[in-house]
file work.tsv (TSV, C-alpha atoms and all ligand atoms)
chain	number	residue	atom	x	y	z
C	1	MET	CA	0.00	0.00	0.00
C	2	GLU	CA	3.10	2.29	-0.02
C	3	GLY	CA	2.45	5.45	-2.00
C	4	ILE	CA	-1.24	4.79	-2.44
C	5	GLY	CA	-3.13	7.69	-4.01
C	6	ARG	CA	-0.14	9.28	-5.74
C	7	HIS	CA	-1.24	11.23	-8.79
C	8	THR	CA	-0.82	14.27	-11.00
C	9	LEU	CA	-3.29	16.37	-12.98
C	10	LYS	CA	-2.81	16.66	-16.71
C	11	CYS	CA	-4.50	18.97	-19.22
C	12	ILE	CA	-6.20	17.04	-22.02
C	13	GLU	CA	-5.54	19.91	-24.45
C	14	CYS	CA	-1.99	21.20	-23.91
C	15	GLY	CA	-0.55	18.42	-21.75
C	16	SER	CA	0.46	20.69	-18.83
C	17	VAL	CA	1.02	18.65	-15.67
C	18	TYR	CA	0.15	19.78	-12.13
C	19	GLU	CA	0.83	18.43	-8.67
C	20	PRO	CA	-2.31	17.48	-6.68
C	21	ALA	CA	-4.44	20.61	-6.22
C	22	PRO	CA	-8.13	21.60	-6.27
C	23	LEU	CA	-8.03	22.72	-9.90
C	24	ILE	CA	-11.01	22.54	-12.22
C	25	LYS	CA	-9.25	23.65	-15.38
C	26	CYS	CA	-5.78	24.07	-16.81
C	27	SER	CA	-4.15	27.32	-15.67
C	28	GLU	CA	-2.25	27.52	-18.99
C	29	CYS	CA	-4.99	27.03	-21.56
C	30	GLY	CA	-8.30	26.55	-19.70
C	31	GLY	CA	-8.61	22.92	-20.89
C	32	LEU	CA	-10.17	20.06	-18.94
C	33	LEU	CA	-7.94	18.13	-16.57
C	34	ASP	CA	-7.48	14.41	-16.22
C	35	ILE	CA	-6.09	12.71	-13.17
C	36	ILE	CA	-3.19	10.39	-13.80
C	37	VAL	CA	-2.85	7.83	-11.02
C	38	GLU	CA	0.03	5.44	-10.61
C	39	LEU	CA	-1.58	2.19	-11.66
C	40	PRO	CA	-1.00	-1.01	-9.68
C	41	ASP	CA	0.20	-4.24	-11.27
C	42	ARG	CA	-2.04	-6.99	-12.66
C	43	GLY	CA	-2.22	-8.66	-9.27
C	44	LEU	CA	-4.60	-5.94	-8.04
C	45	PHE	CA	-7.74	-8.04	-8.03
C	46	SER	CA	-6.17	-11.05	-6.42
C	47	ARG	CA	-5.22	-8.82	-3.48
C	48	LEU	CA	-8.69	-7.32	-3.00
C	49	GLY	CA	-9.90	-10.53	-1.41
C	50	LEU	CA	-12.97	-10.08	0.75
C	51	ARG	CA	-12.80	-6.31	0.74
C	52	GLU	CA	-16.37	-4.98	0.50
C	53	MET	CA	-17.84	-4.06	-2.88
C	54	GLY	CA	-18.06	-0.35	-3.57
C	55	VAL	CA	-16.01	2.65	-4.64
C	56	TRP	CA	-13.38	2.30	-1.90
C	57	ARG	CA	-12.67	-1.32	-2.79
C	58	TYR	CA	-10.57	0.24	-5.57
C	59	ARG	CA	-8.53	2.55	-3.35
C	60	GLU	CA	-5.35	1.63	-5.16
C	61	VAL	CA	-6.58	3.44	-8.27
C	62	LEU	CA	-8.10	6.46	-6.52
C	63	PRO	CA	-6.23	9.77	-5.99
C	64	VAL	CA	-6.64	9.67	-2.22
C	65	GLY	CA	-3.79	9.09	0.20
C	66	ASP	CA	-3.72	6.57	3.05
C	67	GLY	CA	-4.09	9.21	5.72
C	68	ALA	CA	-7.21	10.89	4.29
C	69	LYS	CA	-10.47	10.95	6.21
C	70	VAL	CA	-12.83	9.32	3.75
C	71	VAL	CA	-16.35	10.76	3.53
C	72	SER	CA	-18.47	7.78	2.57
C	73	LEU	CA	-22.06	6.57	2.68
C	74	GLY	CA	-21.30	3.11	1.29
C	75	GLU	CA	-21.58	4.01	-2.40
C	76	GLY	CA	-21.01	1.69	-5.34
C	77	GLY	CA	-21.45	-2.06	-5.26
C	78	THR	CA	-24.61	-1.70	-7.34
C	79	ARG	CA	-26.49	-4.57	-8.95
C	80	LEU	CA	-25.77	-5.77	-12.46
C	81	LEU	CA	-28.85	-7.64	-13.67
C	82	LYS	CA	-29.32	-9.65	-16.81
C	83	LEU	CA	-32.21	-8.75	-19.13
C	84	GLU	CA	-33.73	-11.39	-21.39
C	85	GLU	CA	-33.83	-9.49	-24.65
C	86	GLU	CA	-34.04	-11.03	-28.11
C	87	PHE	CA	-30.85	-10.20	-29.90
C	88	THR	CA	-27.65	-12.00	-30.77
C	89	GLY	CA	-25.81	-10.97	-27.60
C	90	GLU	CA	-26.36	-10.78	-23.86
C	91	LEU	CA	-27.83	-7.73	-22.16
C	92	PHE	CA	-27.09	-6.42	-18.65
C	93	ILE	CA	-28.23	-3.36	-16.75
C	94	LYS	CA	-26.17	-1.63	-14.06
C	95	LEU	CA	-28.51	-0.18	-11.47
C	96	GLU	CA	-26.90	2.99	-10.20
C	97	GLY	CA	-30.14	3.87	-8.44
C	98	ASP	CA	-28.83	1.49	-5.74
C	99	ASN	CA	-26.45	4.22	-4.56
C	100	PRO	CA	-27.05	6.05	-1.24
C	101	THR	CA	-28.86	9.03	-2.79
C	102	GLY	CA	-30.20	7.06	-5.73
C	103	SER	CA	-27.79	7.97	-8.52
C	104	PHE	CA	-24.29	7.37	-9.89
C	105	LYS	CA	-23.28	10.83	-8.68
C	106	ASP	CA	-22.52	9.32	-5.27
C	107	ARG	CA	-19.53	7.44	-6.70
C	108	GLY	CA	-18.04	10.79	-7.67
C	109	MET	CA	-19.16	12.75	-4.66
C	110	THR	CA	-17.54	10.44	-2.11
C	111	VAL	CA	-14.17	11.17	-3.73
C	112	GLY	CA	-14.95	14.84	-4.46
C	113	VAL	CA	-16.03	15.62	-0.90
C	114	THR	CA	-13.18	13.57	0.59
C	115	LYS	CA	-10.77	15.73	-1.40
C	116	ALA	CA	-12.63	18.93	-0.41
C	117	VAL	CA	-12.04	18.05	3.26
C	118	GLU	CA	-8.42	17.09	2.58
C	119	PHE	CA	-7.79	20.40	0.76
C	120	GLY	CA	-9.24	22.24	3.76
C	121	TYR	CA	-12.52	23.51	2.29
C	122	ARG	CA	-15.54	24.22	4.50
C	123	LYS	CA	-17.90	24.90	1.58
C	124	VAL	CA	-18.75	23.06	-1.61
C	125	ALA	CA	-21.01	24.03	-4.51
C	126	CYS	CA	-22.49	22.77	-7.76
C	127	ALA	CA	-24.98	23.57	-10.47
C	128	SER	CA	-27.32	20.71	-11.11
C	129	THR	CA	-30.22	19.22	-13.00
C	130	GLY	CA	-31.05	17.49	-9.71
C	131	ASN	CA	-28.99	14.43	-8.92
C	132	THR	CA	-25.70	16.23	-8.37
C	133	SER	CA	-27.41	18.58	-5.92
C	134	ALA	CA	-28.99	15.68	-3.99
C	135	SER	CA	-25.67	13.87	-3.83
C	136	LEU	CA	-23.58	16.92	-2.93
C	137	ALA	CA	-26.07	17.84	-0.19
C	138	ALA	CA	-25.83	14.37	1.38
C	139	TYR	CA	-22.03	14.09	1.23
C	140	ALA	CA	-21.57	17.64	2.51
C	141	ALA	CA	-23.79	16.75	5.48
C	142	ARG	CA	-21.77	13.58	6.03
C	143	GLY	CA	-18.47	15.47	5.83
C	144	GLY	CA	-19.57	18.44	7.95
C	145	LEU	CA	-19.39	20.94	5.06
C	146	GLU	CA	-21.79	23.60	3.85
C	147	ALA	CA	-23.37	22.90	0.44
C	148	TYR	CA	-24.56	25.49	-2.09
C	149	VAL	CA	-26.57	24.12	-4.97
C	150	PHE	CA	-27.63	26.15	-8.01
C	151	ILE	CA	-30.60	24.68	-9.83
C	152	PRO	CA	-32.76	25.76	-12.77
C	153	LYS	CA	-35.96	27.17	-11.26
C	154	GLY	CA	-38.82	24.73	-11.76
C	155	GLY	CA	-36.50	22.52	-13.83
C	156	ILE	CA	-35.61	19.62	-11.56
C	157	ALA	CA	-37.57	16.55	-10.49
C	158	ARG	CA	-39.48	16.75	-7.22
C	159	GLY	CA	-37.66	13.92	-5.45
C	160	LYS	CA	-34.28	15.52	-6.11
C	161	LEU	CA	-35.36	18.91	-4.79
C	162	PHE	CA	-36.73	17.22	-1.68
C	163	GLN	CA	-33.38	15.48	-1.16
C	164	ALA	CA	-31.36	18.71	-1.42
C	165	LEU	CA	-33.73	20.40	1.05
C	166	ALA	CA	-33.77	17.46	3.44
C	167	TYR	CA	-29.97	17.16	3.59
C	168	GLY	CA	-29.81	20.87	4.40
C	169	ALA	CA	-28.16	22.39	1.33
C	170	ASN	CA	-28.46	26.10	0.59
C	171	ILE	CA	-30.51	26.20	-2.58
C	172	VAL	CA	-30.22	28.93	-5.19
C	173	GLU	CA	-32.89	28.83	-7.88
C	174	VAL	CA	-31.73	30.32	-11.16
C	175	GLU	CA	-33.99	31.59	-13.97
C	176	GLY	CA	-33.27	29.62	-17.14
C	177	GLY	CA	-31.84	26.16	-17.58
C	178	PHE	CA	-28.88	24.14	-16.26
C	179	ASP	CA	-26.41	26.00	-18.47
C	180	ASP	CA	-27.47	29.28	-16.84
C	181	ALA	CA	-27.19	27.75	-13.36
C	182	LEU	CA	-23.66	26.61	-14.20
C	183	GLU	CA	-22.65	30.11	-15.28
C	184	ARG	CA	-23.99	31.46	-12.00
C	185	VAL	CA	-22.17	28.96	-9.80
C	186	LEU	CA	-18.91	29.54	-11.67
C	187	LYS	CA	-19.17	33.25	-10.88
C	188	TYR	CA	-20.12	32.46	-7.29
C	189	VAL	CA	-17.06	30.28	-6.59
C	190	GLU	CA	-14.80	32.78	-8.32
C	191	VAL	CA	-16.07	35.67	-6.20
C	192	GLU	CA	-16.12	33.70	-2.92
C	193	GLY	CA	-12.76	32.01	-3.38
C	194	ASP	CA	-13.19	29.54	-0.52
C	195	VAL	CA	-15.78	27.25	-2.12
C	196	LEU	CA	-14.85	24.09	-4.01
C	197	LEU	CA	-16.87	23.48	-7.17
C	198	LEU	CA	-17.92	19.85	-7.50
C	199	ASN	CA	-19.41	19.77	-10.95
C	200	SER	CA	-18.01	17.15	-13.25
C	201	PHE	CA	-15.18	19.24	-14.59
C	202	ASN	CA	-13.72	18.66	-11.19
C	203	PRO	CA	-11.52	15.71	-12.19
C	204	TYR	CA	-11.51	14.17	-8.69
C	205	ARG	CA	-15.22	13.51	-8.93
C	206	LEU	CA	-14.79	11.64	-12.18
C	207	GLU	CA	-12.21	9.39	-10.53
C	208	GLY	CA	-14.94	8.07	-8.24
C	209	GLN	CA	-17.26	7.54	-11.19
C	210	LYS	CA	-14.66	5.49	-13.07
C	211	THR	CA	-15.07	2.72	-10.48
C	212	LEU	CA	-18.20	1.59	-12.31
C	213	ALA	CA	-15.86	0.09	-14.91
C	214	TYR	CA	-13.87	-1.82	-12.28
C	215	GLU	CA	-17.07	-3.15	-10.77
C	216	VAL	CA	-18.55	-4.26	-14.09
C	217	TYR	CA	-15.23	-5.97	-14.88
C	218	GLU	CA	-15.48	-7.95	-11.66
C	219	GLN	CA	-19.19	-8.71	-12.02
C	220	LEU	CA	-18.84	-9.99	-15.58
C	221	GLY	CA	-15.43	-11.57	-15.13
C	222	GLY	CA	-14.10	-9.39	-17.96
C	223	ALA	CA	-14.97	-6.38	-20.06
C	224	PRO	CA	-18.29	-6.11	-21.90
C	225	ASP	CA	-18.32	-5.39	-25.64
C	226	TYR	CA	-20.58	-2.34	-25.44
C	227	VAL	CA	-21.52	0.15	-22.73
C	228	PHE	CA	-24.53	2.45	-23.24
C	229	VAL	CA	-24.52	5.62	-21.13
C	230	PRO	CA	-27.03	8.50	-21.00
C	231	VAL	CA	-25.20	11.76	-21.70
C	232	GLY	CA	-25.85	15.22	-20.27
C	233	ASN	CA	-22.68	17.02	-19.22
C	234	ALA	CA	-20.77	14.04	-20.61
C	235	GLY	CA	-18.72	13.45	-17.47
C	236	ASN	CA	-19.92	9.97	-16.67
C	237	ILE	CA	-19.22	8.44	-20.07
C	238	SER	CA	-15.71	9.96	-19.94
C	239	ALA	CA	-15.15	8.57	-16.44
C	240	ILE	CA	-16.38	5.07	-17.26
C	241	TYR	CA	-14.19	4.91	-20.33
C	242	LYS	CA	-11.19	6.04	-18.28
C	243	GLY	CA	-11.84	3.15	-15.88
C	244	PHE	CA	-11.79	0.62	-18.70
C	245	ARG	CA	-8.68	2.18	-20.23
C	246	GLU	CA	-6.93	1.76	-16.90
C	247	LEU	CA	-7.98	-1.88	-16.75
C	248	ARG	CA	-6.40	-2.23	-20.18
C	249	ASP	CA	-3.23	-0.41	-19.11
C	250	ILE	CA	-2.97	-2.62	-16.03
C	251	GLY	CA	-3.14	-5.56	-18.44
C	252	LEU	CA	-6.40	-7.09	-17.26
C	253	ILE	CA	-8.39	-6.64	-20.47
C	254	ASP	CA	-7.33	-6.47	-24.13
C	255	SER	CA	-9.38	-3.45	-25.05
C	256	ALA	CA	-11.96	-1.09	-23.63
C	257	PRO	CA	-15.58	-1.65	-24.63
C	258	ILE	CA	-17.28	0.30	-27.39
C	259	MET	CA	-18.86	3.33	-25.71
C	260	VAL	CA	-22.25	4.56	-26.87
C	261	GLY	CA	-23.49	7.93	-25.60
C	262	VAL	CA	-27.24	8.43	-25.68
C	263	GLN	CA	-28.79	11.89	-25.63
C	264	ALA	CA	-32.39	13.08	-25.70
C	265	SER	CA	-33.13	14.40	-29.18
C	266	GLY	CA	-34.03	17.89	-27.91
C	267	ALA	CA	-30.75	18.15	-25.97
C	268	ALA	CA	-28.34	16.35	-28.27
C	269	PRO	CA	-25.38	18.55	-29.23
C	270	LEU	CA	-23.01	15.57	-29.35
C	271	ALA	CA	-25.31	13.17	-31.20
C	272	ASN	CA	-26.23	15.93	-33.71
C	273	ALA	CA	-22.59	16.49	-34.60
C	274	PHE	CA	-21.09	13.02	-34.43
C	275	PRO	CA	-18.84	11.96	-36.19
C	276	HIS	CA	-17.91	15.46	-37.43
C	277	ILE	CA	-16.28	17.25	-34.52
C	278	GLU	CA	-16.24	20.57	-36.39
C	279	ARG	CA	-20.04	20.43	-36.48
C	280	PHE	CA	-20.33	20.45	-32.69
C	281	SER	CA	-22.33	23.38	-31.40
C	282	PRO	CA	-24.27	23.89	-28.17
C	283	VAL	CA	-28.06	23.66	-28.13
C	284	ASP	CA	-29.41	26.99	-26.88
C	285	GLU	CA	-32.75	25.84	-25.52
C	286	PRO	CA	-32.45	22.17	-24.68
C	287	ARG	CA	-35.80	20.41	-24.37
C	288	THR	CA	-36.62	16.98	-23.01
C	289	LEU	CA	-38.84	15.43	-20.38
C	290	ALA	CA	-35.72	13.73	-19.05
C	291	SER	CA	-34.79	16.74	-16.91
C	292	ALA	CA	-31.53	15.17	-15.68
C	293	ILE	CA	-30.04	15.41	-19.17
C	294	ARG	CA	-31.63	18.70	-20.23
C	295	ILE	CA	-28.21	20.22	-20.94
C	296	GLY	CA	-27.25	22.16	-24.06
C	297	LYS	CA	-23.54	22.84	-23.44
C	298	PRO	CA	-21.92	19.70	-22.04
C	299	VAL	CA	-18.82	20.84	-20.17
C	300	ASN	CA	-17.00	17.56	-20.73
C	301	TRP	CA	-17.84	17.24	-24.39
C	302	ARG	CA	-14.21	17.09	-25.56
C	303	LYS	CA	-13.33	14.35	-23.09
C	304	ALA	CA	-16.43	12.39	-24.02
C	305	TRP	CA	-15.85	12.82	-27.75
C	306	ARG	CA	-12.35	11.39	-27.41
C	307	ALA	CA	-13.60	8.53	-25.27
C	308	VAL	CA	-16.33	7.56	-27.68
C	309	GLU	CA	-14.19	8.00	-30.77
C	310	SER	CA	-11.21	6.05	-29.49
C	311	SER	CA	-13.47	3.23	-28.30
C	312	GLY	CA	-14.92	2.88	-31.81
C	313	GLY	CA	-18.32	3.93	-30.50
C	314	PHE	CA	-20.84	6.62	-31.35
C	315	PHE	CA	-23.34	9.14	-29.97
C	316	THR	CA	-26.99	8.65	-30.74
C	317	SER	CA	-30.23	10.34	-29.76
C	318	VAL	CA	-33.70	9.15	-28.82
C	319	GLU	CA	-37.05	10.94	-28.74
C	320	ASP	CA	-38.83	11.57	-25.45
C	321	ALA	CA	-41.55	9.10	-26.45
C	322	GLU	CA	-38.89	6.41	-26.95
C	323	ILE	CA	-37.40	7.24	-23.55
C	324	LEU	CA	-40.73	6.93	-21.78
C	325	ARG	CA	-41.64	3.73	-23.60
C	326	ALA	CA	-38.28	2.28	-22.61
C	327	GLN	CA	-38.83	3.40	-19.01
C	328	MET	CA	-42.22	1.71	-18.93
C	329	ARG	CA	-40.90	-1.44	-20.57
C	330	LEU	CA	-38.17	-1.75	-17.94
C	331	ALA	CA	-40.76	-1.35	-15.22
C	332	ARG	CA	-43.38	-3.69	-16.62
C	333	LYS	CA	-41.26	-6.36	-18.29
C	334	TYR	CA	-38.46	-6.53	-15.75
C	335	GLY	CA	-39.67	-4.90	-12.53
C	336	ILE	CA	-36.96	-2.25	-12.75
C	337	LEU	CA	-37.87	1.40	-12.17
C	338	VAL	CA	-35.38	3.99	-13.38
C	339	GLU	CA	-35.73	7.70	-14.00
C	340	PRO	CA	-36.34	8.93	-17.57
C	341	ALA	CA	-32.72	9.98	-18.26
C	342	SER	CA	-31.60	6.49	-17.23
C	343	ALA	CA	-34.09	4.84	-19.56
C	344	ALA	CA	-32.34	6.69	-22.41
C	345	SER	CA	-29.61	4.04	-22.45
C	346	TYR	CA	-32.20	1.27	-22.89
C	347	ALA	CA	-34.00	3.33	-25.54
C	348	GLY	CA	-30.65	3.72	-27.33
C	349	PHE	CA	-30.07	-0.02	-27.12
C	350	LEU	CA	-33.52	-0.75	-28.60
C	351	LYS	CA	-32.80	1.69	-31.43
C	352	HIS	CA	-29.50	0.03	-32.36
C	353	LEU	CA	-30.27	-3.56	-31.35
C	354	ASP	CA	-29.72	-4.98	-34.85
C	355	GLU	CA	-26.16	-3.63	-34.99
C	356	LEU	CA	-25.04	-5.15	-31.67
C	357	ASP	CA	-23.68	-8.43	-30.44
C	358	GLY	CA	-21.63	-9.71	-27.54
C	359	ARG	CA	-22.11	-8.48	-24.01
C	360	VAL	CA	-23.92	-5.15	-23.73
C	361	VAL	CA	-24.15	-3.17	-20.49
C	362	LEU	CA	-26.73	-0.41	-20.05
C	363	VAL	CA	-25.92	2.12	-17.36
C	364	ALA	CA	-29.14	3.02	-15.53
C	365	THR	CA	-27.92	6.17	-13.85
C	366	GLY	CA	-30.70	7.04	-11.40
C	367	HIS	CA	-33.67	5.64	-9.47
C	368	GLY	CA	-37.23	5.92	-10.76
C	369	LEU	CA	-38.55	7.31	-7.47
C	370	LYS	CA	-36.66	10.53	-8.12
C	371	ASP	CA	-39.24	11.73	-10.61
C	372	PRO	CA	-42.74	10.40	-9.87
C	373	ASP	CA	-44.45	13.24	-11.80
C	374	VAL	CA	-43.27	11.76	-15.09
C	375	ILE	CA	-46.23	9.38	-14.91
C	376	ASN	CA	-48.37	12.28	-16.17
C	377	HIS	CA	-46.34	12.29	-19.36
C	378	TRP	CA	-46.87	8.58	-19.81
C	379	SER	CA	-50.58	9.27	-20.03
C	380	ASN	CA	-50.16	12.44	-22.14
C	381	LEU	CA	-48.22	10.43	-24.68
C	382	GLY	CA	-50.84	7.71	-24.65
C	383	ILE	CA	-48.38	5.17	-23.24
C	384	ILE	CA	-50.87	4.30	-20.50
U	401	LIG	C1	-29.88	10.25	-13.97
U	401	LIG	O1	-27.32	16.26	-11.64
U	401	LIG	O2	-25.87	16.75	-14.69
U	401	LIG	O3	-23.33	13.06	-18.78
U	401	LIG	O4	-26.53	18.07	-12.50
U	401	LIG	O5	-28.74	12.74	-13.31
U	401	LIG	O6	-22.19	12.81	-16.59
U	401	LIG	O7	-23.78	14.69	-16.97
U	401	LIG	C2	-27.07	14.86	-14.00
U	401	LIG	C3	-26.75	14.05	-15.02
U	401	LIG	C4	-27.48	10.82	-16.67
U	401	LIG	C5	-25.88	12.55	-17.29
U	401	LIG	N1	-28.42	10.29	-15.88
U	401	LIG	O8	-24.59	12.36	-16.78
U	401	LIG	C6	-26.81	16.88	-12.57
U	401	LIG	C7	-26.54	16.18	-13.84
U	401	LIG	C8	-28.85	10.92	-14.78
U	401	LIG	C9	-28.30	12.15	-14.43
U	401	LIG	C10	-26.91	12.04	-16.37
U	401	LIG	C11	-27.33	12.74	-15.26
U	401	LIG	P1	-23.39	13.27	-17.30
call {"tool": "encode", "arguments": {"input": "work.tsv", "output": "structure tokens", "more": "lines below"}}
Ligand code: AN7
result
Amino acid sequence: MEGIGRHTLKCIECGSVYEPAPLIKCSECGGLLDIIVELPDRGLFSRLGLREMGVWRYREVLPVGDGAKVVSLGEGGTRLLKLEEEFTGELFIKLEGDNPTGSFKDRGMTVGVTKAVEFGYRKVACASTGNTSASLAAYAARGGLEAYVFIPKGGIARGKLFQALAYGANIVEVEGGFDDALERVLKYVEVEGDVLLLNSFNPYRLEGQKTLAYEVYEQLGGAPDYVFVPVGNAGNISAIYKGFRELRDIGLIDSAPIMVGVQASGAAPLANAFPHIERFSPVDEPRTLASAIRIGKPVNWRKAWRAVESSGGFFTSVEDAEILRAQMRLARKYGILVEPASAASYAGFLKHLDELDGRVVLVATGHGLKDPDVINHWSNLGII
């Protein structure tokens, strides 16, 4: 365990390297940062033994030193269930709604808030379409920090707002959408100076989220062939791909899976452009019933583009009606309730089913109980 947690930060654009610090962008060129951890040898998994499932099972690949006080609620270790679907491969769904606040954000927040404490912060902040605010609020409470969450007014699901309130976050409602809320929080942390931003361009958060790849590797006994991920700010797909790339670099798998990013058609800047990077442009007024992914300017789009492209994958988009039908099908055929954004990965799978084979993993990012009001849209669309 000597030297556990050693890492540097590296700009994905200009390659500048930084010692561990609470940076959210490159000081040279403003590019996104990646965390480079010293990877363990191939014997990693044989040494994990009976260590509990979850994010901290993979401590050896996380940028957190031995001495750190870990802020945890027992995140990760989520179910991977098989779905009996008629196609030439095998289908699995990773239920991230199993996490402590009901979404994959907890994997990132446990690392993000642990680092906030280690760096000496008393306050943390984020902009959010809902799940990030719920997660940040819970982990801030757990770590004894103050949380400030900036949300689009009237734009987040009821369960998520309740969570942020219940965990005691300071809530700032912003007129406009998520992209406006993000602008506001960026100004806020700049002016305040003593608040750590924990949106997904904070690279420490993405390190927690990469553990999904390690977990899927263990649950399947190898890498899948495809991973479908709903895309909003495009942090999660980047993080998951990074996890698989590390497994490859450690020498445990031959290649990372093909990554497929699924966006809602009214909020699909990446899917609209792919594969022509020069055609990428933000969507000014993103629209979708899947409020979690109602994002027009994905902050991590360059990271995600590289991840998808180098995996041999693609971005695709699905209509709201397809999302809701997929959500209902998961509930009624399999007894699995996910929120609309999470059903996007299943909707994307159904759209591309004929092109797929091998083992396919759908990432179901959040729990269905987050957004009970969506049932009204099922009836509006004539689904029920
Ligand atoms: C259920 O909470 O952006 O592509 O502020 O809640 O990594 O942004 C949520 C995103 C997918 C997209 N599924 O992930 C927020 C927020 C669910 C989500 C996404 C989100 P990213």
call {"tool": "closest_residue", "arguments": {"input": "work.tsv", "among": "C:Gly5, C:Gly74, C:Gly43, C:Pro203", "to": "Glu60 (chain C)", "atoms": "only C-alpha atoms"}}
result
C:Gly5
call {"tool": "closest_residue", "arguments": {"input": "work.tsv", "among": "C:Arg59, C:Lys303, C:His352, C:His367", "to": "Val111 (chain C)", "atoms": "all atoms listed in the file"}}
result
C:Arg59
call {"tool": "atom_distance", "arguments": {"input": "work.tsv", "atom1": "CA of Ala127 (chain C)", "atom2": "CA of Asn233 (chain C)"}}
result
11.2 Å
call {"tool": "residues_near_ligand", "arguments": {"input": "work.tsv", "ligand": "ligand LIG 401 (chain U)", "cutoff": "6 Å", "atoms": "all atoms listed in the file", "output": "VMD selection string"}}
result
chain C and resid 128 to 132 230 to 236 292 to 293 341 to 342 365 to 366
call {"tool": "residues_around", "arguments": {"input": "work.tsv", "residues": "Ala140 (chain C)", "least_positions_apart": "3", "cutoff": "12 Å", "atoms": "all atoms listed in the file", "output": "compact mmCIF listing (two decimals) with C-alpha atoms, in the frame of the given file"}}
result
# COMPACT_ATOMS: atom_id res chain seq x y z
CA VAL C 71 -16.35 10.76 3.53
CA SER C 72 -18.47 7.78 2.57
CA LEU C 73 -22.06 6.57 2.68
CA ASP C 106 -22.52 9.32 -5.27
CA MET C 109 -19.16 12.75 -4.66
CA THR C 110 -17.54 10.44 -2.11
CA VAL C 111 -14.17 11.17 -3.73
CA GLY C 112 -14.95 14.84 -4.46
CA VAL C 113 -16.03 15.62 -0.90
CA THR C 114 -13.18 13.57 0.59
CA LYS C 115 -10.77 15.73 -1.40
CA ALA C 116 -12.63 18.93 -0.41
CA VAL C 117 -12.04 18.05 3.26
CA TYR C 121 -12.52 23.51 2.29
CA ARG C 122 -15.54 24.22 4.50
CA LYS C 123 -17.90 24.90 1.58
CA VAL C 124 -18.75 23.06 -1.61
CA ALA C 125 -21.01 24.03 -4.51
CA CYS C 126 -22.49 22.77 -7.76
CA THR C 132 -25.70 16.23 -8.37
CA SER C 133 -27.41 18.58 -5.92
CA ALA C 134 -28.99 15.68 -3.99
CA SER C 135 -25.67 13.87 -3.83
CA LEU C 136 -23.58 16.92 -2.93
CA ALA C 137 -26.07 17.84 -0.19
CA GLY C 143 -18.47 15.47 5.83
CA GLY C 144 -19.57 18.44 7.95
CA LEU C 145 -19.39 20.94 5.06
CA GLU C 146 -21.79 23.60 3.85
CA ALA C 147 -23.37 22.90 0.44
CA TYR C 148 -24.56 25.49 -2.09
CA VAL C 149 -26.57 24.12 -4.97
CA ALA C 164 -31.36 18.71 -1.42
CA TYR C 167 -29.97 17.16 3.59
CA GLY C 168 -29.81 20.87 4.40
CA ALA C 169 -28.16 22.39 1.33
CA ASN C 170 -28.46 26.10 0.59
CA LEU C 196 -14.85 24.09 -4.01
CA LEU C 198 -17.92 19.85 -7.50
call {"tool": "residues_around", "arguments": {"input": "work.tsv", "residues": "Asn300 (chain C)", "least_positions_apart": "6", "cutoff": "12 Å", "atoms": "all atoms listed in the file", "output": "list of chain:residue names"}}
result
C:Ile12, C:Ile24, C:Lys25, C:Gly31, C:Leu32, C:Leu33, C:Asp34, C:Asn199, C:Ser200, C:Phe201, C:Asn202, C:Pro203, C:Leu206, C:Val231, C:Gly232, C:Asn233, C:Ala234, C:Gly235, C:Asn236, C:Ile237, C:Ser238, C:Ala239, C:Pro269, C:Leu270, C:Arg306, C:Ala307
call {"tool": "atom_distance", "arguments": {"input": "work.tsv", "atom1": "CA of Gln209 (chain C)", "atom2": "CA of Gln263 (chain C)"}}
result
19.0 Å
call {"tool": "closest_residue", "arguments": {"input": "work.tsv", "among": "C:Ile277, C:Leu330, C:Cys29, C:Leu212", "to": "Lys82 (chain C)", "atoms": "only C-alpha atoms"}}
result
C:Leu330
